[in-house]
Amino acid sequence: MLSPVAKVALYGATYAFDKLYSYAIPPKMNLRAGQRVIVPFGRGNTEKQGIVFEVAEEDSYHLKTVKSVIDENPVLSDEMLKMCEYMHETVFCTRCDAVSAMLPTGLNHRLINFYSANIDFMGLELLPDTEKEIFNFLKAKGEKSEDDITSTFGVDTLVLKQMTEKEALIKNSETKQKMGDATQKWVKLNDDISEIKLTARQKDVVNLLSDIETASVKELRYFTGVSMSVIENLIQKGVLVAFERQVFRSPYKTNAAPNPNEIYLTAEQQAAFMGLREKLKSDKAEVSLLYGVTGSGKTQVFLKLVDEVSQKGEGVIVMVPEIALTPQMIDIFTKRYGNKIAVFHSAMSMGQRMDEWTRIKNGDAVIAIGTRSAIFAPFKKLGLIIIDEEQEHTYKSEKSPRFHTRDLAKFRVAYHKALLCLASATPSLESYAAAKKGKYSLFTLKNRYNNSQLPEVEVVDMKKEILNGNTSPVSEALYEAINETLNSNKQAILLLNRRGHNTYISCPNCGYVATCPNCSVSLTYHSANKRLMCHYCGHSVPVTQKCPDCDCESLKFMGLGTQKAAEELEILFPNARILRLDADSTVSRESYSTYLSAFAKGEYDILLGTQMVAKGLDFPNVTLVGVMGADAAMYSEDFRSFERSFSLLTQVVGRAGRGDNAGRAIIQTVNPDSQLIAFAEAQDYDSFYNQEIMTRSLMTFPPYCDICAVYTQSVSRADAERAIKEIFGKIREMINNSYTDVKVIILGPTPSGIARVNNKYRFRMIIKCKNNKRFREMLKNAINIKLIRDITVSVDINPETML
């Protein structure tokens, strides 16, 4: 007899075991696809959390039964469930990895294990002493969570599992929603701590708080380098007092009513808008590329398109590549659409993300603005997706699920028969090639808005500066230009795409270089906290002048980061108000918005920063842009290094002269004859494209193929190497036998560009291929190897970097 059966994907399943498991649905349970459930799994009927992908009528006689339902209503729609399957198939992630990426963190549930003493248990005397203590504790205190028990007694969860198997304990599970995060944890010193003995690390924390009185836990850990356990121990000792500070749940503030002023377009903008408007009216999915020089007014075209779609009650997603760009975009859209917008980005609290997701799901907001996560905005009917600065690498996820936002956007517009508008002054080669071939429709803006001119560009040879005795990171030309800008009450933006103070520290006597003990990289000196820090694993140590290898006290601080550059600027321009914007200066969630707003109001004269200052920002009073160290990213081993460098230089040069005053840009380089710099100087994307696409064709790189990177990693170098060689051997065997139709070019296997990260050795294999169903089927079989110990295998389709 047929009865309702739920097809469930389980959280925590590995990719090899990720499939839909069938469970019988109890008679009175109203279960639908998209709801999360608790189900028994395995021989021990361990309770697992899962999500229902399908409800079908099947024979359920031998099936286990769904235990409980977490959600009153489905949390994922039919579209989102289909997109989970698409991601599972194309980016080699589990279905529940895809589900977790789609749902706001605040909505995700975790399974909490609780234990209580079995009062009928008769073998107490046979238990080891620790287990007796646990049993008596639970008998006296009642049911406690797994975390409470393990932290109180310092035992592993295996002990609790063994006690449950002995029937000494009774296990119960429930789900807990990860809500809240509307407050932030801060600490301050207690009044009397004179009699308390402290370790050296604890003294570092106390000394810092003696100076600044209070600090957030996040800031405290950055400036002292201590772990969370050090802070927690100080709280337990009574040295620190912890308290919560309110964090705004709304990611933006607006009290003003929307003001939809008429937008006046130039003839060029109007032509682009009318063409895109026709694509909106199409009865099928459309992809268009809006290619316009920096300052050409692409945003005005966006707003006209959004007007068209939002008036029909359809959803709009507007995406930007950096959190730093979100405040300006929010400001533009809130002035026009008021509270119809919702915001998504990674710096928001769990509570904020939950609120914004719910507003869209309930239909209270029709426009989603944000970074990569905005692609999952739960619109029931979607009319338009805009991806601004579409070439940016931040649209590609670097951790599982390793999706590209552009691919998911194509999936969504295909589902809704909507329009995807990609926009940039420097489109990715893949997108521009697709537009030139007619796969995308192409609309071009060749001129700046309001007849403003592109900035005059000067290239400075830094080798000559050194020969002339100038060892400063600021050339004579840039120094004079900054002075002239300051004297004119204008503003300047300086780009240095390197965090920290110095890039590395070395000993001229013995050749020692300070390196991370956990990773194959040098440590970067940060002057703000006077520590050497690893930008990969977070390891940090206090800086010292003495070489640990030869004991000489002449360590040299080499290289230039934003912190050192800021110090140099303060010496050269003592009266200038300098704002540094990088990942270290923007610790809090509101830092980006606060700092950029202050710069826009004229509270700072010079904005110095990493790549976050190079794209999308619009400050009419900025008349000068300086690029310090233009060569840094050009010569990496990545085939996209020239494309990224050209885009970064072109974009940052375009920040100057966007108002009524003429702009100027100065590019400092040790390679002034570089063809790439000449193209960027002329803002000549088409010439750059023609040269780079020829190289890609000769070398067989995208868009002439897809790239698939396969990685293995392990604490054992031998194990990681063995695993990658086994996968390589299986691929070679399959393409010579059952998959002769699959054509590939394999580079490797070799150690990864950074061979060790966080004490794990990494090997890689780069496969040039056509990413179709047949290739993915072969690769899925190849990576299904027997993994020993802690070896992990990961796959990245068309990675942004192959390190």
# chains A, B, ... in the order shown; residues from 1 in each chain; ligands from 1
$ residues_around --residues "Asn489 of chain A" --least-positions-apart "2" --cutoff "12 Å" --atoms "only C-alpha atoms" --output "ChimeraX atom specification"
/A:482-487,491-492,576-577,602-606,621-624,661
$ select_by_dssp --residues "segment 456-620 of chain A" --states "alpha helix (DSSP H)" --output "PyMOL selection string"
chain A and resi 462-467+476-487+562-572+591-600
$ write_last_selection --atoms "N, CA and C atoms" --output "mmCIF file, in the first residue's frame"
data_model
loop_
_atom_site.group_PDB
_atom_site.id
_atom_site.type_symbol
_atom_site.label_atom_id
_atom_site.label_comp_id
_atom_site.auth_asym_id
_atom_site.auth_seq_id
_atom_site.Cartn_x
_atom_site.Cartn_y
_atom_site.Cartn_z
ATOM 1 N N MET A 462 59.710 54.394 -10.276
ATOM 2 C CA MET A 462 60.237 54.417 -8.913
ATOM 3 C C MET A 462 61.720 54.032 -8.861
ATOM 4 N N LYS A 463 62.246 53.400 -9.918
ATOM 5 C CA LYS A 463 63.691 53.117 -9.950
ATOM 6 C C LYS A 463 64.471 54.428 -10.038
ATOM 7 N N LYS A 464 63.965 55.356 -10.833
ATOM 8 C CA LYS A 464 64.621 56.659 -10.951
ATOM 9 C C LYS A 464 64.528 57.438 -9.645
ATOM 10 N N GLU A 465 63.398 57.283 -8.935
ATOM 11 C CA GLU A 465 63.249 57.965 -7.651
ATOM 12 C C GLU A 465 64.334 57.518 -6.678
ATOM 13 N N ILE A 466 64.599 56.226 -6.659
ATOM 14 C CA ILE A 466 65.626 55.686 -5.758
ATOM 15 C C ILE A 466 67.008 56.194 -6.178
ATOM 16 N N LEU A 467 67.299 56.213 -7.485
ATOM 17 C CA LEU A 467 68.581 56.714 -7.977
ATOM 18 C C LEU A 467 68.777 58.184 -7.634
ATOM 19 N N GLU A 476 58.293 62.079 -5.878
ATOM 20 C CA GLU A 476 58.285 63.551 -5.896
ATOM 21 C C GLU A 476 57.017 64.066 -6.574
ATOM 22 N N ALA A 477 56.633 63.420 -7.685
ATOM 23 C CA ALA A 477 55.434 63.853 -8.409
ATOM 24 C C ALA A 477 54.186 63.687 -7.558
ATOM 25 N N LEU A 478 54.081 62.552 -6.842
ATOM 26 C CA LEU A 478 52.899 62.325 -6.007
ATOM 27 C C LEU A 478 52.885 63.281 -4.817
ATOM 28 N N TYR A 479 54.087 63.554 -4.259
ATOM 29 C CA TYR A 479 54.185 64.502 -3.136
ATOM 30 C C TYR A 479 53.661 65.873 -3.548
ATOM 31 N N GLU A 480 54.114 66.361 -4.691
ATOM 32 C CA GLU A 480 53.681 67.687 -5.157
ATOM 33 C C GLU A 480 52.183 67.689 -5.477
ATOM 34 N N ALA A 481 51.698 66.587 -6.056
ATOM 35 C CA ALA A 481 50.275 66.524 -6.406
ATOM 36 C C ALA A 481 49.395 66.513 -5.159
ATOM 37 N N ILE A 482 49.831 65.797 -4.104
ATOM 38 C CA ILE A 482 49.058 65.776 -2.863
ATOM 39 C C ILE A 482 49.046 67.162 -2.235
ATOM 40 N N ASN A 483 50.204 67.822 -2.222
ATOM 41 C CA ASN A 483 50.272 69.185 -1.676
ATOM 42 C C ASN A 483 49.320 70.118 -2.413
ATOM 43 N N GLU A 484 49.331 70.031 -3.733
ATOM 44 C CA GLU A 484 48.456 70.876 -4.543
ATOM 45 C C GLU A 484 46.985 70.573 -4.253
ATOM 46 N N THR A 485 46.667 69.297 -4.070
ATOM 47 C CA THR A 485 45.289 68.896 -3.771
ATOM 48 C C THR A 485 44.850 69.440 -2.419
ATOM 49 N N LEU A 486 45.719 69.326 -1.420
ATOM 50 C CA LEU A 486 45.383 69.817 -0.079
ATOM 51 C C LEU A 486 45.218 71.327 -0.068
ATOM 52 N N ASN A 487 46.086 72.017 -0.803
ATOM 53 C CA ASN A 487 45.995 73.480 -0.847
ATOM 54 C C ASN A 487 44.741 73.965 -1.559
ATOM 55 N N THR A 562 49.903 49.196 4.438
ATOM 56 C CA THR A 562 49.119 50.419 4.631
ATOM 57 C C THR A 562 49.435 51.124 5.947
ATOM 58 N N GLN A 563 49.763 50.360 6.997
ATOM 59 C CA GLN A 563 50.057 51.003 8.278
ATOM 60 C C GLN A 563 51.331 51.840 8.198
ATOM 61 N N LYS A 564 52.376 51.294 7.551
ATOM 62 C CA LYS A 564 53.607 52.057 7.415
ATOM 63 C C LYS A 564 53.406 53.239 6.475
ATOM 64 N N ALA A 565 52.654 53.028 5.402
ATOM 65 C CA ALA A 565 52.395 54.119 4.460
ATOM 66 C C ALA A 565 51.670 55.274 5.148
ATOM 67 N N ALA A 566 50.734 54.944 6.039
ATOM 68 C CA ALA A 566 50.015 55.985 6.773
ATOM 69 C C ALA A 566 50.973 56.787 7.656
ATOM 70 N N GLU A 567 51.930 56.098 8.292
ATOM 71 C CA GLU A 567 52.919 56.802 9.118
ATOM 72 C C GLU A 567 53.779 57.741 8.270
ATOM 73 N N GLU A 568 54.193 57.270 7.089
ATOM 74 C CA GLU A 568 54.996 58.101 6.187
ATOM 75 C C GLU A 568 54.213 59.337 5.743
ATOM 76 N N LEU A 569 52.946 59.159 5.445
ATOM 77 C CA LEU A 569 52.110 60.286 5.015
ATOM 78 C C LEU A 569 51.936 61.305 6.135
ATOM 79 N N GLU A 570 51.802 60.824 7.369
ATOM 80 C CA GLU A 570 51.655 61.736 8.511
ATOM 81 C C GLU A 570 52.897 62.596 8.697
ATOM 82 N N ILE A 571 54.082 62.025 8.378
ATOM 83 C CA ILE A 571 55.323 62.795 8.469
ATOM 84 C C ILE A 571 55.413 63.813 7.324
ATOM 85 N N LEU A 572 55.060 63.379 6.115
ATOM 86 C CA LEU A 572 55.155 64.262 4.947
ATOM 87 C C LEU A 572 54.093 65.344 4.936
ATOM 88 N N SER A 591 32.104 50.064 10.779
ATOM 89 C CA SER A 591 33.283 50.857 10.453
ATOM 90 C C SER A 591 33.261 51.372 9.022
ATOM 91 N N TYR A 592 32.923 50.496 8.060
ATOM 92 C CA TYR A 592 32.928 50.905 6.659
ATOM 93 C C TYR A 592 32.043 52.130 6.454
ATOM 94 N N SER A 593 30.807 52.005 6.884
ATOM 95 C CA SER A 593 29.833 53.076 6.680
ATOM 96 C C SER A 593 30.266 54.355 7.377
ATOM 97 N N THR A 594 30.747 54.243 8.622
ATOM 98 C CA THR A 594 31.138 55.414 9.399
ATOM 99 C C THR A 594 32.302 56.144 8.745
ATOM 100 N N TYR A 595 33.339 55.401 8.373
ATOM 101 C CA TYR A 595 34.533 56.020 7.791
ATOM 102 C C TYR A 595 34.243 56.643 6.426
ATOM 103 N N LEU A 596 33.536 55.915 5.566
ATOM 104 C CA LEU A 596 33.255 56.445 4.229
ATOM 105 C C LEU A 596 32.340 57.653 4.292
ATOM 106 N N SER A 597 31.400 57.636 5.220
ATOM 107 C CA SER A 597 30.525 58.792 5.405
ATOM 108 C C SER A 597 31.328 60.006 5.862
ATOM 109 N N ALA A 598 32.282 59.777 6.767
ATOM 110 C CA ALA A 598 33.128 60.875 7.250
ATOM 111 C C ALA A 598 33.982 61.442 6.118
ATOM 112 N N PHE A 599 34.501 60.566 5.261
ATOM 113 C CA PHE A 599 35.305 61.037 4.127
ATOM 114 C C PHE A 599 34.437 61.823 3.144
ATOM 115 N N ALA A 600 33.229 61.332 2.908
ATOM 116 C CA ALA A 600 32.317 62.037 1.993
ATOM 117 C C ALA A 600 31.955 63.424 2.510
#
$ residues_around --residues "Ile193 of chain A" --least-positions-apart "3" --cutoff "10 Å" --atoms "only C-alpha atoms" --output "count of residues only"
10
$ residues_around --residues "Arg221 of chain A" --least-positions-apart "6" --cutoff "10 Å" --atoms "only C-alpha atoms" --output "list in words"
Val205, Ala215, Ser227, Met228, Val230 and Ile231 of chain A
$ select_by_dssp --residues "segment 630-752 of chain A" --states "strand (DSSP E or B)" --output "ChimeraX atom specification"
/A:664-669,706-714,745-752
$ residues_around --residues "Leu160 of chain A" --least-positions-apart "6" --cutoff "12 Å" --atoms "only C-alpha atoms" --output "ChimeraX atom specification"
/A:113-117,130-132,134-135,138,144-150,153-154,166-171
$ residues_around --residues "segment 664-675 of chain A" --least-positions-apart "2" --cutoff "10 Å" --atoms "only C-alpha atoms" --output "PyMOL selection string"
chain A and resi 454-465+473-475+477-478+481+485+492-495+622-632+649+652-657+661-662+677-681+688+691
$ closest_residue --among "A:Thr334, A:Thr740, A:Ser636, A:Gln311" --to "Met802 of chain A" --atoms "only C-alpha atoms"
A:Ser636
$ closest_residue --among "A:Gly44, A:Gly142, A:Pro751, A:Pro27" --to "Glu165 of chain A" --atoms "only C-alpha atoms"
A:Gly44
$ atom_distance --atom1 "atom CA of Val52 of chain A" --atom2 "atom CA of Phe92 of chain A"
19.9 Å
$ residues_around --residues "Thr90 of chain A" --least-positions-apart "2" --cutoff "12 Å" --atoms "only C-alpha atoms" --output "ChimeraX atom specification"
/A:83-88,92-95,98,401-404,407-408,411,708,771-777,779-780,795-798
$ closest_residue --among "A:Ile360, A:Val306, A:Ile693, A:Ile767" --to "Leu280 of chain A" --atoms "only C-alpha atoms"
A:Val306
$ atom_distance --atom1 "atom CA of Thr46 of chain A" --atom2 "atom CA of Ala13 of chain A"
13.3 Å
$ atom_distance --atom1 "atom CA of Lys730 of chain A" --atom2 "atom CA of Ile788 of chain A"
17.3 Å
